[in-house]
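Asks: Encoded as structure tokens, here's the structure I'll be asking about.
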Amino acid sequence: MDFSLTPDQELLRDTARALLAKECPTSLVRAHIDDPAAADPLWEHLREFAGLGAGSAVDLCLFLEQTGYVAAPGPFFATAALFAPLLDAIGSDLLEKVLAGEHTGTLAVAGMDGVWAVSPDTTKTFVPEADRVDHVAVVGPGPSVTVTEHPPVRLLETVDTSRRLFDVDTTGLAGTALALDPAALESVVERATVGLAAEMVGTARHLFDMTLRYAKERVQFDRPIGSFQAIQHKLADMALDLERSWSSVYYAAMTLDAGDADRHRAVHVAKAAAGEAATRCAKDGIQIHGGIGYTWEHDLHLFIRRAYASEALLGTTGWHHDRLGDLLI
């Protein structure tokens, strides 16, 4: 069986890479910290790819890997990886406009325990970009879905300044509650989980690339520090985790596209592997950079923040390991 990318997929990946390198420099990520509107010009470019939200999971992952590489802020992940698949699951007329990039949205599922599953809690937690999107799809008991506009929200203080998360008060929502198949909700969450894992692979790769470049340039005792065995071992371990996570993510995406029975296990493996790769690259990256890596002026912290926050979103590495254990027992 041939698992190589098709020419169209290679073009998608290369187009995303070139676009984001140009339109999402770290200066934009920094500007977004103080002014979320700084990401609006980036969305004007990314909206053209919102149609990936209802297409192949592999294609979506190829694009999200590149957004993770630059720690892209804004509503693309919330709209394409969360909102669009949910609209598709309920057959909403709004889907066409979302896929055309004319509307943005996000998904509110997790209750106060933070687990992305149906909950009776009226406060939904960890809702991405809830204050700046056009619509919020709220999942309640049943399960049911209510698509609403501009509900009351509260910004959560998280380590990651590039992805803003909110509590959403769903008391007395305006809108009609539509029935949702539990299996369809599970598929939406699994697709989003694999998409987030692909993002994390991109972020981990950026951390690795920054660290490898620094190890070649930084000189101590008249030698590049990359020539020291201890540094080489860390870089090798980072590279191994990266390759393992990349393979896990795209295998999981393929199982989702194929509706394969192994998809539930593959999704947990992908998120856990991506979490391990991202946190290892963050931890070892900061150690190899040394003192300069701790400074606000250095860009390393932007990607470390993204790595650790993404590891916690949609289930930590440990949580996914526990779910794998449940499947095996």
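Residue numbering restarts at 1 in every chain; chains get A, B, ... in the order shown in the structure tokens, and ligands count up from 1 in that same order.
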How close does each residue of stretch 7-112 of chain A get to stretch 254-274 of chain A, giving the shortest atom pair and distance in Å to one decimal for every residue with an atom at most 8 Å away, counting only C-alpha atoms, sorted by chain and residue number, as a tab-separated table?
Replies:
```
residue	atom	partner	partner_atom	distance
A:Ser56	CA	A:Asp257	CA	6.2
A:Ala57	CA	A:Asp257	CA	6.1
A:Val58	CA	A:Met254	CA	6.3
```
Asks: Could you tell me, as a ChimeraX atom specification, which residues of stretch 104-326 of chain A DSSP assigns to strand (DSSP E) when given the backbone?
Replies: /A:105-108,123-128,135-140,144-148,153-155,165-169,177-179,219-220,223-224
Asks: Fewer than 6 positions away in the same chain doesn't count, so skip those; otherwise give me all residues within 9 Å of A:Thr176, counting only C-alpha atoms, as JSON, numbers by chain.
Replies: {"A": [145, 146, 147, 148]}
Asks: Keeping N, CA and C atoms for every residue in the selection just given, could you write it to a file as an mmCIF file, in the first residue's frame?
Replies:
```cif
data_model
loop_
_atom_site.group_PDB
_atom_site.id
_atom_site.type_symbol
_atom_site.label_atom_id
_atom_site.label_comp_id
_atom_site.auth_asym_id
_atom_site.auth_seq_id
_atom_site.Cartn_x
_atom_site.Cartn_y
_atom_site.Cartn_z
ATOM 1 N N VAL A 145 -27.363 20.132 20.069
ATOM 2 C CA VAL A 145 -26.494 21.242 19.670
ATOM 3 C C VAL A 145 -27.332 22.495 19.485
ATOM 4 N N THR A 146 -26.876 23.582 20.070
ATOM 5 C CA THR A 146 -27.485 24.888 19.855
ATOM 6 C C THR A 146 -26.425 25.817 19.295
ATOM 7 N N VAL A 147 -26.682 26.352 18.102
ATOM 8 C CA VAL A 147 -25.749 27.296 17.494
ATOM 9 C C VAL A 147 -26.222 28.692 17.839
ATOM 10 N N THR A 148 -25.387 29.433 18.536
ATOM 11 C CA THR A 148 -25.753 30.755 19.016
ATOM 12 C C THR A 148 -24.700 31.775 18.632
#
```
Asks: So, counting only C-alpha atoms, which residue among A:Arg132, A:Arg154, A:Arg47, A:Arg191 is closest to A:Val98?
Replies: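 Of the candidates, the smallest distance to A:Val98 is held by A:Arg47.
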Asks: Excluding same-chain residues fewer than 4 positions from A:Ala54, what lies within 12 Å of it counting only C-alpha atoms, as a VMD selection string?
Replies: chain A and resid 49 to 50 58 to 60 79 to 89 91 95 to 96 98 to 100 188 191 to 192 257
Asks: Produce a file of the selected residues containing N, CA and C atoms, as a PDB file, in the first residue's frame.
Replies:
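Final output, selection.pdb:
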```
ATOM      1  N   PHE A  49      -8.906  28.541   2.992  1.00  0.00           N
ATOM      2  CA  PHE A  49      -8.680  27.114   3.212  1.00  0.00           C
ATOM      3  C   PHE A  49      -9.668  26.534   4.218  1.00  0.00           C
ATOM      4  N   ALA A  50     -10.708  27.290   4.554  1.00  0.00           N
ATOM      5  CA  ALA A  50     -11.696  26.813   5.529  1.00  0.00           C
ATOM      6  C   ALA A  50     -12.421  25.572   5.032  1.00  0.00           C
ATOM      7  N   VAL A  58      -6.577  13.888   6.391  1.00  0.00           N
ATOM      8  CA  VAL A  58      -5.152  13.996   6.049  1.00  0.00           C
ATOM      9  C   VAL A  58      -4.856  15.386   5.513  1.00  0.00           C
ATOM     10  N   ASP A  59      -5.694  15.895   4.622  1.00  0.00           N
ATOM     11  CA  ASP A  59      -5.483  17.234   4.071  1.00  0.00           C
ATOM     12  C   ASP A  59      -5.523  18.288   5.176  1.00  0.00           C
ATOM     13  N   LEU A  60      -6.508  18.158   6.069  1.00  0.00           N
ATOM     14  CA  LEU A  60      -6.606  19.109   7.175  1.00  0.00           C
ATOM     15  C   LEU A  60      -5.352  19.070   8.029  1.00  0.00           C
ATOM     16  N   THR A  79     -12.539  27.127  13.707  1.00  0.00           N
ATOM     17  CA  THR A  79     -13.525  27.088  12.632  1.00  0.00           C
ATOM     18  C   THR A  79     -13.428  25.812  11.810  1.00  0.00           C
ATOM     19  N   ALA A  80     -12.227  25.464  11.365  1.00  0.00           N
ATOM     20  CA  ALA A  80     -12.059  24.347  10.435  1.00  0.00           C
ATOM     21  C   ALA A  80     -12.011  22.992  11.129  1.00  0.00           C
ATOM     22  N   ALA A  81     -11.434  22.920  12.319  1.00  0.00           N
ATOM     23  CA  ALA A  81     -11.259  21.630  12.985  1.00  0.00           C
ATOM     24  C   ALA A  81     -12.363  21.312  13.980  1.00  0.00           C
ATOM     25  N   LEU A  82     -13.089  22.323  14.464  1.00  0.00           N
ATOM     26  CA  LEU A  82     -14.135  22.097  15.457  1.00  0.00           C
ATOM     27  C   LEU A  82     -15.528  22.426  14.934  1.00  0.00           C
ATOM     28  N   PHE A  83     -15.715  23.654  14.473  1.00  0.00           N
ATOM     29  CA  PHE A  83     -17.050  24.139  14.133  1.00  0.00           C
ATOM     30  C   PHE A  83     -17.589  23.507  12.856  1.00  0.00           C
ATOM     31  N   ALA A  84     -16.792  23.510  11.788  1.00  0.00           N
ATOM     32  CA  ALA A  84     -17.275  22.981  10.503  1.00  0.00           C
ATOM     33  C   ALA A  84     -17.657  21.497  10.589  1.00  0.00           C
ATOM     34  N   PRO A  85     -16.827  20.638  11.184  1.00  0.00           N
ATOM     35  CA  PRO A  85     -17.228  19.231  11.291  1.00  0.00           C
ATOM     36  C   PRO A  85     -18.513  19.035  12.096  1.00  0.00           C
ATOM     37  N   LEU A  86     -18.727  19.875  13.129  1.00  0.00           N
ATOM     38  CA  LEU A  86     -19.952  19.762  13.910  1.00  0.00           C
ATOM     39  C   LEU A  86     -21.159  20.161  13.072  1.00  0.00           C
ATOM     40  N   LEU A  87     -21.045  21.246  12.305  1.00  0.00           N
ATOM     41  CA  LEU A  87     -22.135  21.645  11.419  1.00  0.00           C
ATOM     42  C   LEU A  87     -22.438  20.569  10.393  1.00  0.00           C
ATOM     43  N   ASP A  88     -21.393  19.944   9.894  1.00  0.00           N
ATOM     44  CA  ASP A  88     -21.566  18.849   8.934  1.00  0.00           C
ATOM     45  C   ASP A  88     -22.329  17.693   9.575  1.00  0.00           C
ATOM     46  N   ALA A  89     -22.052  17.427  10.838  1.00  0.00           N
ATOM     47  CA  ALA A  89     -22.695  16.306  11.534  1.00  0.00           C
ATOM     48  C   ALA A  89     -24.185  16.532  11.732  1.00  0.00           C
ATOM     49  N   GLY A  91     -25.980  18.619   9.729  1.00  0.00           N
ATOM     50  CA  GLY A  91     -26.575  19.026   8.464  1.00  0.00           C
ATOM     51  C   GLY A  91     -27.042  20.474   8.446  1.00  0.00           C
ATOM     52  N   LEU A  95     -23.211  25.580   7.148  1.00  0.00           N
ATOM     53  CA  LEU A  95     -21.939  24.951   6.790  1.00  0.00           C
ATOM     54  C   LEU A  95     -21.344  25.542   5.521  1.00  0.00           C
ATOM     55  N   GLU A  96     -22.160  25.755   4.504  1.00  0.00           N
ATOM     56  CA  GLU A  96     -21.649  26.246   3.222  1.00  0.00           C
ATOM     57  C   GLU A  96     -20.921  27.573   3.385  1.00  0.00           C
ATOM     58  N   VAL A  98     -19.558  28.707   6.145  1.00  0.00           N
ATOM     59  CA  VAL A  98     -18.351  28.498   6.954  1.00  0.00           C
ATOM     60  C   VAL A  98     -17.233  27.952   6.083  1.00  0.00           C
ATOM     61  N   LEU A  99     -17.539  26.983   5.242  1.00  0.00           N
ATOM     62  CA  LEU A  99     -16.517  26.403   4.370  1.00  0.00           C
ATOM     63  C   LEU A  99     -16.015  27.405   3.340  1.00  0.00           C
ATOM     64  N   ALA A 100     -16.843  28.398   3.022  1.00  0.00           N
ATOM     65  CA  ALA A 100     -16.422  29.450   2.098  1.00  0.00           C
ATOM     66  C   ALA A 100     -15.613  30.530   2.791  1.00  0.00           C
ATOM     67  N   VAL A 188     -16.458  13.957  15.576  1.00  0.00           N
ATOM     68  CA  VAL A 188     -16.030  15.356  15.528  1.00  0.00           C
ATOM     69  C   VAL A 188     -14.861  15.588  16.478  1.00  0.00           C
ATOM     70  N   ARG A 191     -11.676  13.827  15.216  1.00  0.00           N
ATOM     71  CA  ARG A 191     -11.072  14.556  14.094  1.00  0.00           C
ATOM     72  C   ARG A 191     -10.324  15.788  14.596  1.00  0.00           C
ATOM     73  N   ALA A 192     -10.938  16.517  15.534  1.00  0.00           N
ATOM     74  CA  ALA A 192     -10.284  17.698  16.095  1.00  0.00           C
ATOM     75  C   ALA A 192      -9.025  17.316  16.864  1.00  0.00           C
ATOM     76  N   ASP A 257     -10.297   8.869   7.757  1.00  0.00           N
ATOM     77  CA  ASP A 257     -10.806   8.986   6.391  1.00  0.00           C
ATOM     78  C   ASP A 257     -11.398   7.668   5.895  1.00  0.00           C
TER      79      ASP A 257
END
```
Asks: Pick out the closest residue to A:Leu235 from this set: A:Asp284, A:Glu276, A:Glu157, A:Asp34. Count only C-alpha atoms.
Replies: A:Asp284
Asks: Check the smallest atom-to-atom distance from each of A:Val201, A:Tyr214, A:Arg305, A:Glu48 to A:Arg244 using only C-alpha atoms, then report the winner.
Replies: A:Val201
Asks: Would you please work out which residue, of A:Gly51, A:Gly290, A:Gly172, A:Pro143, is nearest to A:Thr104 when using only C-alpha atoms?
Replies: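 Checking each candidate against A:Thr104, we get A:Gly51 as the closest.
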Asks: How close does each residue of stretch 2-116 of chain A get to stretch 162-165 of chain A, giving the shortest atom pair and distance in Å to one decimal for every residue with an atom at most 10 Å away, counting only C-alpha atoms, sorted by chain and residue number, as CSV?
Replies:
```
residue,atom,partner,partner_atom,distance
A:Leu28,CA,A:Ser162,CA,9.8
A:Val29,CA,A:Ser162,CA,6.5
A:Arg30,CA,A:Ser162,CA,8.4
A:Ala31,CA,A:Ser162,CA,9.8
A:His32,CA,A:Ser162,CA,7.0
A:Ile33,CA,A:Ser162,CA,7.0
A:Pro36,CA,A:Ser162,CA,8.8
A:Ala39,CA,A:Ser162,CA,9.5
A:Ala71,CA,A:Ser162,CA,6.6
A:Ala72,CA,A:Ser162,CA,6.8
A:Pro73,CA,A:Ser162,CA,4.8
A:Gly74,CA,A:Arg163,CA,7.1
A:Pro75,CA,A:Arg163,CA,8.7
A:Phe77,CA,A:Arg163,CA,9.3
A:Ala78,CA,A:Arg163,CA,9.6
```
Asks: What does the structure give for the distance between atom CA of A:Tyr69 and atom CA of A:Ala312, in Å to one decimal?
Replies: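 A separation of 17.8 Å between them.
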Asks: With 12 Å as the cut-off and only C-alpha atoms counted, what is the closest atom pair between each nearby residue of stretch 243-270 of chain A and stretch 277-283 of chain A? Distances in Å to one decimal, ordered by chain and number, as CSV.
Replies:
```
residue,atom,partner,partner_atom,distance
A:Glu243,CA,A:Ala277,CA,8.8
A:Arg244,CA,A:Ala277,CA,8.2
A:Ser245,CA,A:Ala277,CA,6.6
A:Trp246,CA,A:Ala277,CA,9.3
A:Ser247,CA,A:Ala277,CA,11.9
A:Ser248,CA,A:Ala277,CA,11.3
A:Val249,CA,A:Ala277,CA,11.7
A:Ala270,CA,A:Ala277,CA,10.5
```
Asks: Generate the output file for the selected residues, N, CA and C atoms, as an mmCIF file, in the first residue's frame.
Replies:
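Final file, part-v2.cif:
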```cif
data_model
loop_
_atom_site.group_PDB
_atom_site.id
_atom_site.type_symbol
_atom_site.label_atom_id
_atom_site.label_comp_id
_atom_site.auth_asym_id
_atom_site.auth_seq_id
_atom_site.Cartn_x
_atom_site.Cartn_y
_atom_site.Cartn_z
ATOM 1 N N GLU A 243 9.588 12.018 14.557
ATOM 2 C CA GLU A 243 9.228 11.074 13.498
ATOM 3 C C GLU A 243 8.139 10.114 13.964
ATOM 4 N N ARG A 244 8.234 9.689 15.212
ATOM 5 C CA ARG A 244 7.221 8.786 15.755
ATOM 6 C C ARG A 244 5.848 9.477 15.784
ATOM 7 N N SER A 245 5.836 10.715 16.216
ATOM 8 C CA SER A 245 4.562 11.430 16.308
ATOM 9 C C SER A 245 3.996 11.743 14.929
ATOM 10 N N TRP A 246 4.863 12.105 13.984
ATOM 11 C CA TRP A 246 4.389 12.391 12.616
ATOM 12 C C TRP A 246 3.712 11.157 12.028
ATOM 13 N N SER A 247 4.337 10.009 12.174
ATOM 14 C CA SER A 247 3.756 8.779 11.643
ATOM 15 C C SER A 247 2.440 8.450 12.329
ATOM 16 N N SER A 248 2.384 8.635 13.631
ATOM 17 C CA SER A 248 1.166 8.326 14.388
ATOM 18 C C SER A 248 0.015 9.220 13.967
ATOM 19 N N VAL A 249 0.297 10.505 13.772
ATOM 20 C CA VAL A 249 -0.748 11.459 13.393
ATOM 21 C C VAL A 249 -1.335 11.120 12.032
ATOM 22 N N ALA A 270 -2.022 9.036 18.547
ATOM 23 C CA ALA A 270 -1.535 10.243 17.868
ATOM 24 C C ALA A 270 -1.385 11.412 18.828
#
```
Asks: I want to know what sits within 10 Å of A:Glu23, based on only C-alpha atoms, with residues of the same chain fewer than 6 positions away left out; could you give that as number ranges by chain?
Replies: A: 39, 41-43, 45-46, 70, 72
Asks: Do a neighbour search on A:Leu62 at 9 Å with only C-alpha atoms, toss out local chain neighbours closer than 4 positions, and write the hits as JSON, numbers by chain.
Replies: {"A": [9, 10, 12, 13, 16, 57, 58, 66, 195, 198, 199, 250]}
Asks: Would you mind exporting C-alpha atoms of the selected residues as a short mmCIF file (atom, residue, chain, number, x, y, z; two decimals), in the first residue's frame?
Replies:
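Contents of result-v6.cif, as written:
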```cif
data_model
loop_
_atom_site.label_atom_id
_atom_site.label_comp_id
_atom_site.auth_asym_id
_atom_site.auth_seq_id
_atom_site.Cartn_x
_atom_site.Cartn_y
_atom_site.Cartn_z
CA GLN A 9 -1.33 17.03 -1.06
CA GLU A 10 2.28 18.04 -1.60
CA LEU A 12 -1.29 21.92 -0.33
CA ARG A 13 1.53 21.43 2.17
CA ALA A 16 0.55 26.43 3.34
CA ALA A 57 -8.58 14.49 7.61
CA VAL A 58 -5.15 14.00 6.05
CA GLN A 66 2.06 24.21 9.07
CA GLY A 195 -5.90 17.92 13.88
CA ALA A 198 -0.83 17.57 13.70
CA GLU A 199 -0.49 21.17 14.89
CA TYR A 250 -1.01 10.64 9.73
#
```
Asks: List as a ChimeraX atom specification the protein and nucleic acid residues near A:Asp134, meaning an atom at most 9 Å away when only C-alpha atoms are counted, but skip any in the same chain fewer than 2 places from it.
Replies: /A:103-106,130-132,136,148-150
Asks: Just list as a ChimeraX atom specification whatever in stretch 43-180 of chain A DSSP marks as alpha helix (DSSP H).
Replies: /A:43-46,57-69,76,84-90,95-99
Asks: Kindly save the residues from that selection, with C-alpha atoms included, as a short mmCIF file (atom, residue, chain, number, x, y, z; two decimals), in the first residue's frame.
Replies:
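What follows is the written file again.cif:
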```cif
data_model
loop_
_atom_site.label_atom_id
_atom_site.label_comp_id
_atom_site.auth_asym_id
_atom_site.auth_seq_id
_atom_site.Cartn_x
_atom_site.Cartn_y
_atom_site.Cartn_z
CA TRP A 43 -7.43 35.14 8.73
CA GLU A 44 -8.09 36.92 5.43
CA HIS A 45 -5.59 34.51 3.89
CA LEU A 46 -6.50 31.41 5.88
CA ALA A 57 -8.58 14.49 7.61
CA VAL A 58 -5.15 14.00 6.05
CA ASP A 59 -5.48 17.23 4.07
CA LEU A 60 -6.61 19.11 7.17
CA CYS A 61 -3.64 17.73 9.13
CA LEU A 62 -1.19 18.76 6.40
CA PHE A 63 -2.42 22.32 6.69
CA LEU A 64 -2.64 22.37 10.49
CA GLU A 65 0.90 21.04 10.79
CA GLN A 66 2.06 24.21 9.07
CA THR A 67 -0.11 26.50 11.24
CA GLY A 68 1.43 24.79 14.27
CA TYR A 69 4.90 25.39 12.88
CA PHE A 76 -8.73 28.87 11.83
CA ALA A 84 -17.28 22.98 10.50
CA PRO A 85 -17.23 19.23 11.29
CA LEU A 86 -19.95 19.76 13.91
CA LEU A 87 -22.13 21.64 11.42
CA ASP A 88 -21.57 18.85 8.93
CA ALA A 89 -22.69 16.31 11.53
CA ILE A 90 -26.03 18.08 12.11
CA LEU A 95 -21.94 24.95 6.79
CA GLU A 96 -21.65 26.25 3.22
CA LYS A 97 -20.85 29.78 4.39
CA VAL A 98 -18.35 28.50 6.95
CA LEU A 99 -16.52 26.40 4.37
#
```
Asks: Tell me which of A:Thr26, A:Thr170, A:Thr15, A:Thr161 sits closest to A:His206, counting only C-alpha atoms.
Replies: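 Checking each of A:Thr26, A:Thr170, A:Thr15, A:Thr161 against A:His206, counting only C-alpha atoms, the winner is A:Thr26.
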